[in-house]
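Below is one structure, written out as structure tokens; the observations come after it.
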Amino acid sequence: MELDDLKNDWISAHNQAHEQNILTSKIINEMTQKKYQSKIKKIKYPELTGTVVCILAISYICFNFNKLDTLFFQSIGVLAALLLLVMPALSFFSLYQFDSASNFAKPYNEIIKQFANQKLRFIKFRKVHALLSYLLLVSIIFLFPKFFYGKDLTFDKTLWVLSFTVGYLFLRFFSGYVNKCYKDSLRQAEELLKEVQA
């Protein structure tokens, strides 16, 4: 009788240890998933802020479209509005894909492979985004004096050269800073995923 009790106690203790192990693994996965999401949110929130700015800029262009009195300026206004619409859409499309990597129920190798593919795709989208940013810069430099002063920038060569130089330098340093921050967040998220396996 004592042997059966000892056997039952042993089986019960083993089952409790196994359940505790499963519970601990589940808690670790949930904590890792929350940390992963917080790293990705460091990219999402600035993109959301940029989207709000783009929507405000599109609204401004639409409400002041009558100030664009020539076909040339109207074309630039439409191009700027399209760029302001496409750029946030590209960002959110590339960021949306990172949410699927946060499914920690999948096998580890599949999660890492999926994250690596999404990271490469995100970097490609960022390059396209940077190219579109320079095109947007040119269109804004054309539109800004027309909207605020009612004048054409092309007649003032000094302002033309100065605005392109300052705009290019600002965009160059700002985009470099943003890309560095995004790469850091992605690197931290990737390290977090690798820690799960360790």
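Residues in the structure tokens are named by chain (A, B, ... in the order shown) and by number from 1 within that chain; ligands are numbered from 1 in the order shown.
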Legend entry - Per-residue DSSP, region 62-123 of chain A, filtered to alpha helix (DSSP H), as a PyMOL selection string: chain A and resi 62-63+71-96+108-123
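Among the candidate residues A:Ser94, A:Thr158, A:Gln114, A:Gln74, the one lying nearest to Phe142 (chain A) is A:Gln74, with distances computed using only C-alpha atoms.
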Sort by chain and increasing residue number a table of all residues of region 106-171 of chain A within 12 Å of region 50-70 of chain A, each with its closest pair of atoms and their distance in Å to one decimal, counting only C-alpha atoms, and write it as a Markdown table.
```
| residue | atom | partner | partner_atom | distance |
| --- | --- | --- | --- | --- |
| A:Ser133 | CA | A:Cys54 | CA | 11.7 |
| A:Leu136 | CA | A:Cys54 | CA | 11.0 |
| A:Ser139 | CA | A:Ile61 | CA | 11.6 |
| A:Ile140 | CA | A:Ala57 | CA | 10.2 |
| A:Phe142 | CA | A:Leu68 | CA | 10.6 |
| A:Leu143 | CA | A:Leu68 | CA | 8.2 |
| A:Phe144 | CA | A:Ile61 | CA | 10.2 |
| A:Pro145 | CA | A:Lys67 | CA | 10.6 |
| A:Lys146 | CA | A:Leu68 | CA | 7.0 |
| A:Phe147 | CA | A:Lys67 | CA | 6.4 |
| A:Phe148 | CA | A:Lys67 | CA | 9.3 |
| A:Tyr149 | CA | A:Lys67 | CA | 10.0 |
| A:Gly150 | CA | A:Lys67 | CA | 7.2 |
| A:Lys151 | CA | A:Lys67 | CA | 10.0 |
| A:Asp152 | CA | A:Leu68 | CA | 10.1 |
```
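Interatomic distance, CA of Gln37 (chain A) against CA of Ala189 (chain A): 8.3 Å.
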